[in-house]
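Undergrad: Pasting in a structure now, in structure tokens, and then I'll have a few things to ask.
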Amino acid sequence: MRSALWGLAAIVVAFVIGYGVQELRRDAKLEQATRTIDSLRTVTAKVDTIYERDSVVVWRLKRQTDTLTQTVDRWKHDTIEVVRYVLHADSTIRACRALVETCEERVAVRDATIAAQTRRWENRPKPKPAVWVWAERGVVFWLGTQVR
């Protein structure tokens with residue numbers, strides 16, 4: 001009888017240790033996902049600031065280039081104005097390219113944030129199943145009635 005009791009106690013201890021190790025792993029994954037999300041917040045703020053700046057630059061250069069395009073009949077024979085127009089057009093193209101790259105970075109950061117939030121959600125602390133809770137209570141009750 002005593003050997004069966006010790007065997008049952010050893011099994012319960014093994015289950016408790018296994019459950020504790022599983023909880024530690026889940027907590028570590030949750031902490032890592034939280035740290036990733038925090039670091040992505042700073043990257044998001046930086047990329048959003050650059051995106052806003054690039055948007056303003058693109059619209060300003062586009063407006064200047066459009067103004068030059070509308071008045072092209074007046075200066076199309078003036079070499080200096082043509083060079084200025086080409087420089088404005090090149091600047092607009094570079095700014096558009098930078099804006100597209102920044103937009104792609106924003107999408108990549110957003111996807112990484114979604115993935116980290118999904119990992120954090122999957123590793124959140126979950127309640128024990130009711131069967132496990134009632135089994136623990138039953139074992140504790142049974143052990144409490146058997147020990148004298």
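Please note that chains go A, B, ... in the order of the structure tokens, that every chain numbers its residues from 1, and that ligands are numbered from 1 in the order shown.
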Write out, as CSV, each residue of stretch 80-141 of chain A that has an atom at most 10 Å from stretch 40-44 of chain A, together with the closest pair of atoms and their distance in Å to one decimal, counting only C-alpha atoms, rows going by chain and rising number.
TA:
residue,atom,partner,partner_atom,distance
A:Glu105,CA,A:Thr44,CA,9.0
A:Arg106,CA,A:Thr44,CA,7.0
A:Val107,CA,A:Thr44,CA,9.8
A:Ala108,CA,A:Thr44,CA,9.9
A:Val109,CA,A:Thr44,CA,6.5
A:Arg110,CA,A:Thr44,CA,7.9
A:Ala112,CA,A:Leu40,CA,7.8
A:Thr113,CA,A:Leu40,CA,6.5
A:Ala116,CA,A:Leu40,CA,9.2
Undergrad: Which residues, written as a PyMOL selection string, have at least one atom at most 10 Å from A:Val57, with only C-alpha atoms counted and residues fewer than 6 positions away on the same chain left out?
TA: chain A and resi 51+63+91-92+95-96+99
Undergrad: Excluding A:Ala115 and residues on its chain fewer than 5 positions from it, collect all residues at most 10 Å away from it, counting only C-alpha atoms, and give them as a PyMOL selection string.
TA: chain A and resi 33+36-37+109-110+120-121
Undergrad: Name all residues at most 12 Å from stretch 122-134 of chain A (count only C-alpha atoms; drop same-chain ones fewer than 3 positions away) and give them as a PDB file with C-alpha atoms, in the first residue's frame.
TA:
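Ended up saving to around_26.pdb:
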ATOM      1  CA  VAL A  12       2.119  13.487  -9.417  1.00  0.00           C
ATOM      2  CA  PHE A  15       3.484  15.756 -13.789  1.00  0.00           C
ATOM      3  CA  VAL A  16       3.865  18.918 -11.708  1.00  0.00           C
ATOM      4  CA  TYR A  19       3.849  21.268 -16.188  1.00  0.00           C
ATOM      5  CA  GLN A  22       6.146  23.789 -19.909  1.00  0.00           C
ATOM      6  CA  GLU A  23       4.990  26.995 -18.188  1.00  0.00           C
ATOM      7  CA  LEU A  24       8.575  28.300 -18.033  1.00  0.00           C
ATOM      8  CA  ARG A  25       9.019  27.700 -21.759  1.00  0.00           C
ATOM      9  CA  ARG A  26       5.723  29.434 -22.511  1.00  0.00           C
ATOM     10  CA  ASP A  27       6.709  32.387 -20.306  1.00  0.00           C
ATOM     11  CA  ALA A  28      10.077  32.676 -22.087  1.00  0.00           C
ATOM     12  CA  LYS A  29       8.391  32.679 -25.502  1.00  0.00           C
ATOM     13  CA  LEU A  30       5.872  35.244 -24.287  1.00  0.00           C
ATOM     14  CA  GLU A  31       8.655  37.488 -22.969  1.00  0.00           C
ATOM     15  CA  GLN A  32      10.586  37.197 -26.236  1.00  0.00           C
ATOM     16  CA  ALA A  33       7.489  38.104 -28.278  1.00  0.00           C
ATOM     17  CA  THR A  34       6.828  41.091 -26.001  1.00  0.00           C
ATOM     18  CA  ALA A 115       3.689  37.824 -36.490  1.00  0.00           C
ATOM     19  CA  ALA A 116       5.074  38.813 -33.053  1.00  0.00           C
ATOM     20  CA  GLN A 117       1.592  39.582 -31.747  1.00  0.00           C
ATOM     21  CA  THR A 118       0.386  36.211 -33.025  1.00  0.00           C
ATOM     22  CA  ARG A 119       3.274  34.473 -31.208  1.00  0.00           C
ATOM     23  CA  ARG A 137      -8.312  18.155  -6.383  1.00  0.00           C
ATOM     24  CA  GLY A 138      -9.232  14.474  -6.350  1.00  0.00           C
ATOM     25  CA  VAL A 139      -5.610  13.415  -5.812  1.00  0.00           C
ATOM     26  CA  VAL A 140      -5.158  15.955  -3.019  1.00  0.00           C
ATOM     27  CA  PHE A 141      -8.398  14.806  -1.369  1.00  0.00           C
ATOM     28  CA  TRP A 142      -7.448  11.155  -1.735  1.00  0.00           C
TER      29      TRP A 142
END
Undergrad: Using atom CA of A:Ile17 and atom CA of A:Leu143 as the two end points, give the distance in Å to one decimal.
TA: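 We find that atom CA of A:Ile17 and atom CA of A:Leu143 lie 18.5 Å from each other.
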Undergrad: With distances taken over only C-alpha atoms, which of A:Leu8, A:Leu61, A:Val21, A:Ile114 is nearest to A:Val86?
TA: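 Of A:Leu8, A:Leu61, A:Val21, A:Ile114, the one nearest A:Val86, counting only C-alpha atoms, is A:Leu61.
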Undergrad: Work out how far apart atom CA of A:Asp48 and atom CA of A:Thr102 are and give it in Å to one decimal.
TA: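 Interatomic distance here is 8.3 Å.
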